[in-house]
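**Student:** File target_39.cif follows (mmCIF, C-alpha atoms):
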data_coords
#
loop_
_atom_site.label_atom_id
_atom_site.label_comp_id
_atom_site.auth_asym_id
_atom_site.auth_seq_id
_atom_site.Cartn_x
_atom_site.Cartn_y
_atom_site.Cartn_z
CA MET Q 1 172.83 122.10 86.65
CA ARG Q 2 176.59 121.80 86.57
CA ILE Q 3 178.09 118.54 85.32
CA TYR Q 4 181.51 117.43 86.58
CA ASP Q 5 183.06 114.78 84.36
CA VAL Q 6 185.27 112.76 86.73
CA SER Q 7 186.43 109.79 84.63
CA MET Q 8 189.83 109.35 83.01
CA ILE Q 9 190.39 109.74 79.27
CA ILE Q 10 191.53 106.46 77.73
CA HIS Q 11 194.47 106.53 75.33
CA GLY Q 12 197.48 104.39 74.56
CA ASN Q 13 199.88 106.37 76.70
CA MET Q 14 197.68 107.07 79.72
CA GLN Q 15 198.91 106.51 83.27
CA VAL Q 16 198.37 102.95 84.51
CA TYR Q 17 199.03 101.21 87.81
CA LYS Q 18 202.79 100.95 88.46
CA ASN Q 19 203.35 101.87 84.81
CA LYS Q 20 202.95 98.21 83.84
CA PRO Q 21 203.07 97.95 80.02
CA GLU Q 22 200.41 95.21 79.97
CA LYS Q 23 197.98 97.67 81.56
CA LYS Q 24 198.23 100.25 78.78
CA PRO Q 25 195.18 100.25 76.50
CA VAL Q 26 195.74 99.28 72.88
CA ILE Q 27 193.53 100.91 70.25
CA LYS Q 28 193.79 99.43 66.75
CA ILE Q 29 192.11 100.09 63.42
CA GLN Q 30 190.19 96.99 62.33
CA SER Q 31 188.97 98.36 58.98
CA THR Q 32 189.28 101.67 57.16
CA PHE Q 33 188.91 103.51 53.84
CA PRO Q 34 189.37 102.94 50.96
CA GLU Q 35 189.65 99.15 51.36
CA SER Q 36 186.51 99.13 53.50
CA SER Q 37 183.38 101.28 53.36
CA VAL Q 38 183.62 101.97 57.12
CA HIS Q 39 186.31 102.92 59.62
CA GLU Q 40 186.20 100.74 62.76
CA SER Q 41 188.54 100.42 65.75
CA THR Q 42 189.04 97.94 68.55
CA LEU Q 43 190.03 98.50 72.17
CA SER Q 44 192.03 96.02 74.26
CA MET Q 45 192.28 96.95 77.90
CA ASN Q 46 192.94 95.58 81.36
CA LEU Q 47 189.73 96.15 83.35
CA HIS Q 48 191.68 97.97 86.09
CA THR Q 49 192.91 100.63 83.67
CA GLY Q 50 191.22 104.02 83.92
CA THR Q 51 188.26 104.76 86.17
CA HIS Q 52 186.72 101.48 87.34
CA MET Q 53 185.07 99.57 90.17
CA ASP Q 54 186.41 96.40 91.79
CA PHE Q 55 184.51 93.30 92.90
CA SER Q 56 185.88 91.01 95.59
CA LYS Q 57 187.10 88.39 93.10
CA HIS Q 58 189.91 90.87 92.32
CA VAL Q 59 191.60 90.03 95.63
CA THR Q 60 189.83 86.89 96.88
CA GLU Q 61 189.63 83.49 95.19
CA GLY Q 62 185.96 82.63 94.71
CA GLY Q 63 184.91 86.22 95.39
CA LYS Q 64 182.02 88.12 93.85
CA THR Q 65 181.97 89.36 90.26
CA SER Q 66 180.03 91.84 88.15
CA LYS Q 67 177.11 89.40 88.23
CA THR Q 68 176.28 91.14 91.53
CA LEU Q 69 176.21 94.61 89.91
CA ASP Q 70 173.43 96.87 91.23
CA LEU Q 71 173.11 100.20 89.41
CA ASN Q 72 171.13 101.63 92.34
CA ARG Q 73 174.34 101.63 94.34
CA LEU Q 74 176.08 103.74 91.69
CA ILE Q 75 173.37 106.37 91.17
CA THR Q 76 173.40 108.09 94.53
CA LYS Q 77 174.28 111.13 96.59
CA VAL Q 78 178.02 111.32 97.30
CA LYS Q 79 180.22 113.45 99.52
CA VAL Q 80 183.49 114.67 98.02
CA LEU Q 81 186.07 115.04 100.82
CA ASP Q 82 189.04 117.34 100.34
CA LEU Q 83 192.02 115.30 101.53
CA THR Q 84 194.64 117.12 99.52
CA HIS Q 85 196.67 117.69 102.70
CA VAL Q 86 197.21 113.95 103.25
CA LYS Q 87 200.65 112.71 102.23
CA ASP Q 88 200.49 108.95 102.74
CA GLY Q 89 197.68 106.75 104.07
CA ILE Q 90 194.23 108.23 104.77
CA GLY Q 91 193.46 107.24 108.35
CA PRO Q 92 190.71 107.74 110.94
CA GLU Q 93 192.31 111.02 112.01
CA ASP Q 94 191.82 112.43 108.49
CA LEU Q 95 188.22 111.24 108.26
CA SER Q 96 186.77 111.88 111.72
CA SER Q 97 186.27 115.62 111.20
CA LYS Q 98 184.52 115.19 107.85
CA GLY Q 99 180.97 114.59 109.07
CA ILE Q 100 180.64 111.11 107.55
CA SER Q 101 177.39 109.31 108.43
CA THR Q 102 175.93 105.83 108.04
CA GLY Q 103 174.90 105.22 104.44
CA ASP Q 104 177.21 107.86 102.93
CA PHE Q 105 179.17 107.26 99.73
CA VAL Q 106 182.45 109.16 100.06
CA LEU Q 107 184.92 110.22 97.37
CA PHE Q 108 188.49 111.15 98.27
CA LYS Q 109 189.95 114.18 96.52
CA THR Q 110 193.72 113.93 96.99
CA THR Q 111 196.87 115.11 95.28
CA ASN Q 112 196.59 112.04 93.03
CA SER Q 113 194.27 114.00 90.72
CA PHE Q 114 196.86 116.71 90.22
CA SER Q 115 199.12 114.60 87.99
CA ASP Q 116 198.54 112.80 84.72
CA ASN Q 117 201.49 110.53 85.52
CA PHE Q 118 201.41 107.55 87.84
CA VAL Q 119 202.81 108.47 91.26
CA PRO Q 120 204.32 105.39 92.97
CA SER Q 121 203.83 106.93 96.43
CA PHE Q 122 200.14 107.67 95.78
CA VAL Q 123 197.83 108.62 98.65
CA TYR Q 124 195.67 105.63 99.65
CA LEU Q 125 193.10 104.49 102.21
CA SER Q 126 194.88 102.76 105.10
CA GLU Q 127 193.53 99.59 106.69
CA GLU Q 128 192.65 101.63 109.79
CA GLY Q 129 190.88 104.19 107.62
CA ALA Q 130 188.84 101.43 105.98
CA ARG Q 131 187.91 99.96 109.37
CA HIS Q 132 186.84 103.42 110.55
CA LEU Q 133 184.53 103.79 107.52
CA ALA Q 134 183.18 100.27 107.98
CA ARG Q 135 182.29 101.09 111.61
CA ILE Q 136 180.38 104.17 110.45
CA GLY Q 137 178.68 102.05 107.78
CA VAL Q 138 179.44 103.87 104.53
CA LYS Q 139 178.10 102.24 101.38
CA GLY Q 140 180.87 103.21 99.02
CA VAL Q 141 184.32 104.76 98.66
CA GLY Q 142 185.98 106.32 95.65
CA THR Q 143 189.52 107.53 95.17
CA ASP Q 144 191.43 109.49 92.59
CA ALA Q 145 194.31 107.04 92.88
CA LEU Q 146 194.46 103.98 90.64
CA GLY Q 147 194.42 101.88 93.81
CA ILE Q 148 192.41 102.23 97.00
CA GLU Q 149 195.46 100.84 98.83
CA ARG Q 150 199.23 100.55 98.44
CA ASP Q 151 201.90 98.33 99.97
CA GLN Q 152 199.63 96.55 102.43
CA PRO Q 153 200.25 92.78 102.21
CA GLY Q 154 197.04 90.77 101.80
CA TYR Q 155 195.01 93.77 100.61
CA PRO Q 156 193.30 94.52 103.94
CA THR Q 157 191.71 97.76 102.73
CA HIS Q 158 190.05 96.01 99.78
CA LYS Q 159 188.96 93.12 101.98
CA THR Q 160 187.64 95.32 104.79
CA CYS Q 161 185.52 97.17 102.24
CA PHE Q 162 184.24 94.04 100.51
CA ASN Q 163 183.50 92.27 103.79
CA ASN Q 164 181.37 95.25 104.78
CA ASP Q 165 179.59 95.56 101.42
CA ILE Q 166 181.34 98.84 100.57
CA VAL Q 167 181.63 99.64 96.85
CA ILE Q 168 185.18 100.52 95.70
CA ILE Q 169 185.75 102.99 92.85
CA GLU Q 170 189.30 103.76 91.67
CA GLY Q 171 190.83 106.19 89.19
CA LEU Q 172 188.58 109.24 89.66
CA ARG Q 173 189.59 112.71 88.43
CA LEU Q 174 188.48 115.16 91.14
CA LYS Q 175 190.89 118.06 90.67
CA ASN Q 176 188.16 120.47 89.58
CA VAL Q 177 185.50 119.35 92.05
CA PRO Q 178 185.08 121.29 95.31
CA GLU Q 179 184.35 119.57 98.63
CA GLY Q 180 180.61 119.06 98.95
CA THR Q 181 177.60 116.89 98.18
CA PHE Q 182 176.67 115.84 94.64
CA THR Q 183 174.49 113.36 92.79
CA MET Q 184 176.79 110.75 91.28
CA VAL Q 185 175.82 108.82 88.19
CA ALA Q 186 178.45 106.09 87.71
CA LEU Q 187 177.67 103.82 84.79
CA PRO Q 188 179.71 100.71 84.06
CA LEU Q 189 180.52 98.96 80.83
CA LYS Q 190 178.34 96.00 81.75
CA ILE Q 191 180.69 93.08 81.14
CA GLU Q 192 179.27 89.85 82.49
CA ASP Q 193 180.96 87.96 85.33
CA VAL Q 194 184.29 89.78 85.71
CA GLU Q 195 186.23 91.13 88.70
CA ALA Q 196 186.16 94.80 87.67
CA LEU Q 197 184.17 97.13 85.41
CA PRO Q 198 185.28 100.31 83.62
CA LEU Q 199 183.14 103.24 84.76
CA SER Q 200 182.12 106.53 83.28
CA ILE Q 201 181.09 108.95 86.01
CA VAL Q 202 179.54 112.38 86.30
CA LEU Q 203 178.83 114.37 89.44
CA LEU Q 204 175.77 116.57 89.14
CA ASP Q 205 175.55 119.74 91.18
CA ASN Q 206 171.88 120.60 91.61
CA ALA Q 207 172.57 123.52 93.90
CA MET O 1 162.62 107.57 90.77
CA ARG O 2 162.56 104.59 88.43
CA ILE O 3 165.79 103.68 86.63
CA TYR O 4 165.62 101.91 83.26
CA ASP O 5 168.92 100.27 82.35
CA VAL O 6 168.95 100.31 78.54
CA SER O 7 172.46 99.14 77.60
CA MET O 8 173.47 95.69 76.38
CA ILE O 9 175.30 93.19 78.58
CA ILE O 10 178.74 92.42 77.16
CA HIS O 11 179.83 88.79 76.96
CA GLY O 12 181.72 86.59 74.54
CA ASN O 13 178.66 85.20 72.82
CA MET O 14 176.53 88.34 72.62
CA GLN O 15 174.78 89.37 69.41
CA VAL O 16 176.96 91.48 67.11
CA TYR O 17 176.37 93.17 63.76
CA LYS O 18 175.83 90.57 61.02
CA ASN O 19 177.18 87.95 63.43
CA LYS O 20 180.73 88.82 62.36
CA PRO O 21 183.18 86.82 64.52
CA GLU O 22 185.66 89.72 64.68
CA LYS O 23 182.97 91.79 66.41
CA LYS O 24 182.52 89.38 69.34
CA PRO O 25 184.13 90.66 72.54
CA VAL O 26 186.99 88.60 73.94
CA ILE O 27 187.43 88.54 77.72
CA LYS O 28 190.65 86.93 78.97
CA ILE O 29 192.22 86.38 82.36
CA GLN O 30 195.54 88.24 82.55
CA SER O 31 196.51 87.07 86.05
CA THR O 32 194.91 84.93 88.72
CA PHE O 33 195.40 82.95 91.93
CA PRO O 34 197.51 81.25 93.17
CA GLU O 35 200.30 82.34 90.78
CA SER O 36 199.34 85.99 91.28
CA SER O 37 197.98 87.80 94.33
CA VAL O 38 195.21 89.36 92.23
CA HIS O 39 192.72 88.23 89.60
CA GLU O 40 192.63 90.58 86.59
CA SER O 41 190.92 90.35 83.20
CA THR O 42 191.23 92.10 79.87
CA LEU O 43 188.56 93.04 77.35
CA SER O 44 189.13 93.24 73.59
CA MET O 45 186.22 94.65 71.67
CA ASN O 46 185.24 96.33 68.42
CA LEU O 47 183.90 99.77 69.36
CA HIS O 48 180.64 99.11 67.48
CA THR O 49 179.81 96.09 69.64
CA GLY O 50 177.09 96.60 72.22
CA THR O 51 175.45 99.94 72.98
CA HIS O 52 177.52 102.73 71.43
CA MET O 53 177.56 106.08 69.65
CA ASP O 54 179.04 106.76 66.23
CA PHE O 55 181.03 109.75 65.05
CA SER O 56 181.17 110.72 61.38
CA LYS O 57 184.63 109.20 60.84
CA HIS O 58 182.85 105.83 60.96
CA VAL O 59 181.41 106.43 57.47
CA THR O 60 183.36 109.42 56.12
CA GLU O 61 187.10 109.69 55.52
CA GLY O 62 188.41 112.63 57.51
CA GLY O 63 185.23 112.77 59.59
CA LYS O 64 184.86 113.75 63.22
CA THR O 65 185.99 111.56 66.12
CA SER O 66 185.40 111.31 69.86
CA LYS O 67 187.59 114.41 70.25
CA THR O 68 184.33 116.28 69.60
CA LEU O 69 182.49 114.50 72.45
CA ASP O 70 180.16 116.76 74.44
CA LEU O 71 178.57 115.11 77.49
CA ASN O 72 175.90 117.81 77.58
CA ARG O 73 174.42 116.28 74.44
CA LEU O 74 174.13 112.89 76.17
CA ILE O 75 172.56 114.04 79.45
CA THR O 76 169.20 115.26 78.25
CA LYS O 77 165.47 114.74 78.03
CA VAL O 78 164.57 112.05 75.50
CA LYS O 79 161.34 110.83 73.91
CA VAL O 80 160.95 107.07 73.57
CA LEU O 81 158.77 106.35 70.52
CA ASP O 82 156.92 103.04 70.26
CA LEU O 83 157.61 101.87 66.72
CA THR O 84 157.06 98.17 67.37
CA HIS O 85 154.56 98.05 64.49
CA VAL O 86 157.20 98.99 61.90
CA LYS O 87 158.47 96.04 59.83
CA ASP O 88 161.22 97.53 57.67
CA GLY O 89 162.46 101.11 57.36
CA ILE O 90 161.17 103.82 59.73
CA GLY O 91 159.92 106.58 57.44
CA PRO O 92 158.27 110.02 57.72
CA GLU O 93 154.85 108.33 57.83
CA ASP O 94 155.83 106.48 61.02
CA LEU O 95 157.24 109.59 62.66
CA SER O 96 154.84 112.36 61.70
CA SER O 97 152.18 111.43 64.25
CA LYS O 98 154.65 111.21 67.16
CA GLY O 99 154.74 114.87 68.15
CA ILE O 100 158.45 115.34 67.49
CA SER O 101 159.70 118.93 67.93
CA THR O 102 162.84 120.91 67.22
CA GLY O 103 165.56 120.04 69.75
CA ASP O 104 164.11 116.64 70.68
CA PHE O 105 166.29 113.57 71.20
CA VAL O 106 164.26 110.56 70.04
CA LEU O 107 164.78 106.86 70.82
CA PHE O 108 163.17 104.20 68.64
CA LYS O 109 161.64 101.24 70.45
CA THR O 110 161.21 98.53 67.81
CA THR O 111 160.96 94.76 67.64
CA ASN O 112 164.79 94.70 67.60
CA SER O 113 164.78 94.79 71.41
CA PHE O 114 162.66 91.66 71.61
CA SER O 115 165.46 89.30 70.56
CA ASP O 116 168.89 88.61 72.00
CA ASN O 117 169.97 87.30 68.59
CA PHE O 118 171.03 89.43 65.65
CA VAL O 119 168.15 89.83 63.20
CA PRO O 120 169.49 90.39 59.65
CA SER O 121 166.25 92.14 58.58
CA PHE O 122 166.37 94.55 61.53
CA VAL O 123 164.14 97.63 61.61
CA TYR O 124 166.13 100.75 60.70
CA LEU O 125 165.78 104.48 60.02
CA SER O 126 165.33 105.05 56.31
CA GLU O 127 167.05 107.89 54.47
CA GLU O 128 163.67 109.61 54.10
CA GLY O 129 163.04 109.17 57.83
CA ALA O 130 166.40 110.75 58.62
CA ARG O 131 165.68 113.68 56.30
CA HIS O 132 162.31 114.15 58.00
CA LEU O 133 164.00 114.33 61.43
CA ALA O 134 166.68 116.68 60.10
CA ARG O 135 163.97 119.03 58.79
CA ILE O 136 162.35 119.07 62.24
CA GLY O 137 165.77 119.67 63.79
CA VAL O 138 166.17 116.85 66.30
CA LYS O 139 169.45 116.76 68.21
CA GLY O 140 169.81 113.01 68.52
CA VAL O 141 168.46 109.60 67.53
CA GLY O 142 168.82 106.24 69.23
CA THR O 143 167.80 102.80 68.07
CA ASP O 144 167.57 99.35 69.59
CA ALA O 145 169.11 97.91 66.43
CA LEU O 146 172.87 97.50 66.15
CA GLY O 147 172.71 99.78 63.11
CA ILE O 148 170.74 102.97 62.50
CA GLU O 149 170.48 101.88 58.85
CA ARG O 150 170.61 98.75 56.71
CA ASP O 151 171.27 98.01 53.04
CA GLN O 152 171.45 101.65 51.94
CA PRO O 153 174.54 102.12 49.74
CA GLY O 154 176.70 105.07 50.83
CA TYR O 155 175.18 105.22 54.34
CA PRO O 156 172.76 108.11 53.65
CA THR O 157 171.00 107.80 57.04
CA HIS O 158 174.29 108.11 58.94
CA LYS O 159 175.43 110.96 56.70
CA THR O 160 172.13 112.85 56.89
CA CYS O 161 172.34 112.70 60.68
CA PHE O 162 175.99 113.73 60.88
CA ASN O 163 175.56 116.54 58.34
CA ASN O 164 172.77 117.90 60.54
CA ASP O 165 174.65 117.51 63.81
CA ILE O 166 172.36 114.70 65.03
CA VAL O 167 173.89 112.30 67.59
CA ILE O 168 173.53 108.58 66.66
CA ILE O 169 173.17 105.94 69.38
CA GLU O 170 172.92 102.24 68.41
CA GLY O 171 172.28 99.02 70.32
CA LEU O 172 169.76 100.20 72.94
CA ARG O 173 167.58 97.73 74.90
CA LEU O 174 164.14 99.33 75.16
CA LYS O 175 161.85 96.30 75.53
CA ASN O 176 160.81 97.24 79.06
CA VAL O 177 160.51 100.99 78.52
CA PRO O 178 157.08 102.48 77.76
CA GLU O 179 156.58 105.27 75.24
CA GLY O 180 157.14 108.59 76.99
CA THR O 181 159.60 111.23 78.10
CA PHE O 182 162.61 110.44 80.29
CA THR O 183 165.89 111.95 81.43
CA MET O 184 168.68 110.08 79.65
CA VAL O 185 172.14 109.80 81.14
CA ALA O 186 174.35 108.22 78.47
CA LEU O 187 177.98 108.00 79.56
CA PRO O 188 180.72 106.87 77.19
CA LEU O 189 183.95 105.04 77.80
CA LYS O 190 185.99 108.13 76.98
CA ILE O 191 188.47 106.77 74.46
CA GLU O 192 190.41 109.55 72.77
CA ASP O 193 190.10 110.22 69.04
CA VAL O 194 188.12 107.21 67.79
CA GLU O 195 185.10 106.83 65.49
CA ALA O 196 182.76 105.28 68.09
CA LEU O 197 182.40 105.03 71.87
CA PRO O 198 180.79 102.29 73.99
CA LEU O 199 177.96 103.75 76.05
CA SER O 200 176.26 102.84 79.28
CA ILE O 201 172.81 104.40 79.45
CA VAL O 202 170.02 104.81 81.97
CA LEU O 203 166.65 106.43 81.46
CA LEU O 204 165.34 108.11 84.62
CA ASP O 205 161.62 108.43 85.11
CA ASN O 206 161.00 111.36 87.44
CA ALA O 207 157.22 111.18 87.08
#
Once more with this new file: its structure as structure tokens, please.
**Tutor:**
Amino acid sequence: MRIYDVSMIIHGNMQVYKNKPEKKPVIKIQSTFPESSVHESTLSMNLHTGTHMDFSKHVTEGGKTSKTLDLNRLITKVKVLDLTHVKDGIGPEDLSSKGISTGDFVLFKTTNSFSDNFVPSFVYLSEEGARHLARIGVKGVGTDALGIERDQPGYPTHKTCFNNDIVIIEGLRLKNVPEGTFTMVALPLKIEDVEALPLSIVLLDNA
Amino acid sequence: MRIYDVSMIIHGNMQVYKNKPEKKPVIKIQSTFPESSVHESTLSMNLHTGTHMDFSKHVTEGGKTSKTLDLNRLITKVKVLDLTHVKDGIGPEDLSSKGISTGDFVLFKTTNSFSDNFVPSFVYLSEEGARHLARIGVKGVGTDALGIERDQPGYPTHKTCFNNDIVIIEGLRLKNVPEGTFTMVALPLKIEDVEALPLSIVLLDNA
């Protein structure tokens, strides 16, 4: 069985959304030798840094939080779609030839995975693309961008997904994964009652 | 397939080692409505809070860090051992009847899982127990205590494990898991070059 590790490595100088300094993780030493008998560190991090999932409270006042987490939705077959030819928004025209069916969980492999730096013009899922997937009835989407959408006032892609009970995963690393079907195991740091959860994800190829 | 979720839930008032205040996670709102168009939170946490794995730098100056992480060692068959009868240190006498073989990864189900509060007299793996497992040649140990050892000057249980290349997982929740063999998927928050990593873990029962 081949294991594809598709989560981001977390370090103080990693790429973050729009290069905002407050989104960079801070790792500090809390105790160390010889003053202490153990070496221990702390992590401080925005929950939208690195690979993570969003809940609707991220974009909607009074929305759902991680209290609604269901691991069964994150341990599932997924289809990785090669969309490395797309330059801007992923729309229905990019998705319609990909054989997407009701109940699928789809992951977008784009040029976003090819850089370790934040790309302001990152490839994203357009509102029309999200509506197309909602009509089909997918159960989840994942992207290798740090955002599922960009420059769309009111966050219609997020809201279309959440209104149709579609899981959103952001910040994947899919550069080394070929198009195809895999078993995804996406496990969150189970923080109670927040609007996003860091994820660690592997894709298992049982072929 | 049955999925056992065996990681701790992270919240501000969760149990932490020796109830040390500096080990309690702190979750803060970084931006919210209506001042901001998104709601975002931050997490600050000691890396030994909740379910996690240790690397040898935790107890040994110049020891190994998460740079040596190998996911293949965390996606593996495991044996859950019912040790709920043990009151103090887990020793060779508790382990010898459990059918442990070379290459096994063993998880200790103890009374530690039965409480959501930190128990100062928690059940731990004694130095002699660790030496017994090292002689057999296990590849990993996991415990539902927040520490693999307690009150042993110089951390001989940790050091015996690390010197024998045995992975250490702490802070499991095994109350609802029966004794038996499972497929473990333990995925870390992949922080670079630190002495411990938070883990999210499921045990899959394919029987």
**Student:** When the cut-off is 6 Å and we count all atoms listed in the file, which residues of chain Q are near chain O, given as a ChimeraX atom specification?
**Tutor:** /Q:9-11,38-39,41-47,58-59,187,189-192,200
**Student:** What does the structure give for the distance between atom CA of O:Ser113 and atom CA of O:Leu174, in Å to one decimal?
**Tutor:** 5.9 Å
**Student:** Given the point (159.3, 121.1, 65.9) in the file's coordinates, find the residues that have an atom at most 8 Å from it, counting all atoms listed in the file, and give them as an NGL selection string.
**Tutor:** :O and (100-103 or 136-137)
**Student:** Go ahead and compute the interatomic distance for atom CA of Q:Gln152 and atom CA of Q:Gly91, in Å to one decimal.
**Tutor:**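 The value is 13.7 Å.
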**Student:** Calculate how many Å separate atom CA of Q:Pro120 from atom CA of Q:Pro178, rounding to one decimal.
**Tutor:**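 Computed distance, atom CA of Q:Pro120 to atom CA of Q:Pro178, equals 25.1 Å.
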**Student:** Give as a PyMOL selection string the set of residues within 6 Å of the point (172.7, 117.6, 91.0), where distances use the file's coordinates and all atoms listed in the file.
**Tutor:** chain Q and resi 182-183+204-206
**Student:** Save stretch 164-172 of chain Q of the structure in the block above to a file, with all heavy atoms included, as an mmCIF file, in the first residue's frame.
**Tutor:**
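Contents of the output file result22.cif:
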data_model
loop_
_atom_site.group_PDB
_atom_site.id
_atom_site.type_symbol
_atom_site.label_atom_id
_atom_site.label_comp_id
_atom_site.auth_asym_id
_atom_site.auth_seq_id
_atom_site.Cartn_x
_atom_site.Cartn_y
_atom_site.Cartn_z
ATOM 1 N N ASN Q 164 -25.026 23.252 1.280
ATOM 2 C CA ASN Q 164 -25.311 21.944 0.684
ATOM 3 C C ASN Q 164 -24.560 20.810 1.397
ATOM 4 O O ASN Q 164 -24.395 19.728 0.851
ATOM 5 C CB ASN Q 164 -24.977 21.975 -0.807
ATOM 6 C CG ASN Q 164 -25.953 22.837 -1.594
ATOM 7 O OD1 ASN Q 164 -27.044 22.382 -1.910
ATOM 8 N ND2 ASN Q 164 -25.580 24.086 -1.857
ATOM 9 N N ASP Q 165 -24.116 21.117 2.621
ATOM 10 C CA ASP Q 165 -23.501 20.092 3.485
ATOM 11 C C ASP Q 165 -22.265 19.470 2.847
ATOM 12 O O ASP Q 165 -22.014 18.268 2.970
ATOM 13 C CB ASP Q 165 -24.553 19.009 3.795
ATOM 14 C CG ASP Q 165 -24.316 18.380 5.157
ATOM 15 O OD1 ASP Q 165 -23.662 19.019 6.004
ATOM 16 O OD2 ASP Q 165 -24.789 17.251 5.363
ATOM 17 N N ILE Q 166 -21.484 20.319 2.162
ATOM 18 C CA ILE Q 166 -20.247 19.873 1.515
ATOM 19 C C ILE Q 166 -19.056 20.265 2.394
ATOM 20 O O ILE Q 166 -18.885 21.438 2.706
ATOM 21 C CB ILE Q 166 -20.106 20.507 0.106
ATOM 22 C CG1 ILE Q 166 -21.260 20.065 -0.797
ATOM 23 C CG2 ILE Q 166 -18.745 20.177 -0.497
ATOM 24 C CD1 ILE Q 166 -21.347 20.818 -2.128
ATOM 25 N N VAL Q 167 -18.277 19.275 2.802
ATOM 26 C CA VAL Q 167 -17.070 19.529 3.605
ATOM 27 C C VAL Q 167 -16.060 20.328 2.782
ATOM 28 O O VAL Q 167 -15.888 20.067 1.585
ATOM 29 C CB VAL Q 167 -16.431 18.196 4.048
ATOM 30 C CG1 VAL Q 167 -15.082 18.415 4.727
ATOM 31 C CG2 VAL Q 167 -17.372 17.413 4.969
ATOM 32 N N ILE Q 168 -15.375 21.291 3.408
ATOM 33 C CA ILE Q 168 -14.327 22.074 2.732
ATOM 34 C C ILE Q 168 -12.980 21.832 3.411
ATOM 35 O O ILE Q 168 -12.818 22.090 4.601
ATOM 36 C CB ILE Q 168 -14.628 23.592 2.783
ATOM 37 C CG1 ILE Q 168 -15.926 23.926 2.056
ATOM 38 C CG2 ILE Q 168 -13.456 24.390 2.196
ATOM 39 C CD1 ILE Q 168 -16.323 25.406 2.170
ATOM 40 N N ILE Q 169 -12.019 21.334 2.615
ATOM 41 C CA ILE Q 169 -10.639 21.161 3.078
ATOM 42 C C ILE Q 169 -9.737 22.087 2.265
ATOM 43 O O ILE Q 169 -9.830 22.128 1.043
ATOM 44 C CB ILE Q 169 -10.174 19.699 2.920
ATOM 45 C CG1 ILE Q 169 -10.987 18.789 3.855
ATOM 46 C CG2 ILE Q 169 -8.680 19.565 3.205
ATOM 47 C CD1 ILE Q 169 -10.667 17.307 3.703
ATOM 48 N N GLU Q 170 -8.861 22.810 2.963
ATOM 49 C CA GLU Q 170 -7.957 23.758 2.302
ATOM 50 C C GLU Q 170 -6.502 23.452 2.679
ATOM 51 O O GLU Q 170 -6.241 22.912 3.749
ATOM 52 C CB GLU Q 170 -8.308 25.195 2.722
ATOM 53 C CG GLU Q 170 -9.728 25.596 2.312
ATOM 54 C CD GLU Q 170 -10.192 26.948 2.850
ATOM 55 O OE1 GLU Q 170 -9.752 27.338 3.956
ATOM 56 O OE2 GLU Q 170 -11.012 27.604 2.177
ATOM 57 N N GLY Q 171 -5.582 23.833 1.778
ATOM 58 C CA GLY Q 171 -4.160 23.703 2.096
ATOM 59 C C GLY Q 171 -3.581 22.311 1.890
ATOM 60 O O GLY Q 171 -2.624 21.936 2.563
ATOM 61 N N LEU Q 172 -4.129 21.543 0.939
ATOM 62 C CA LEU Q 172 -3.546 20.235 0.617
ATOM 63 C C LEU Q 172 -2.220 20.393 -0.131
ATOM 64 O O LEU Q 172 -1.927 21.466 -0.680
ATOM 65 C CB LEU Q 172 -4.526 19.426 -0.255
ATOM 66 C CG LEU Q 172 -5.802 18.963 0.440
ATOM 67 C CD1 LEU Q 172 -6.840 18.536 -0.584
ATOM 68 C CD2 LEU Q 172 -5.493 17.808 1.389
#
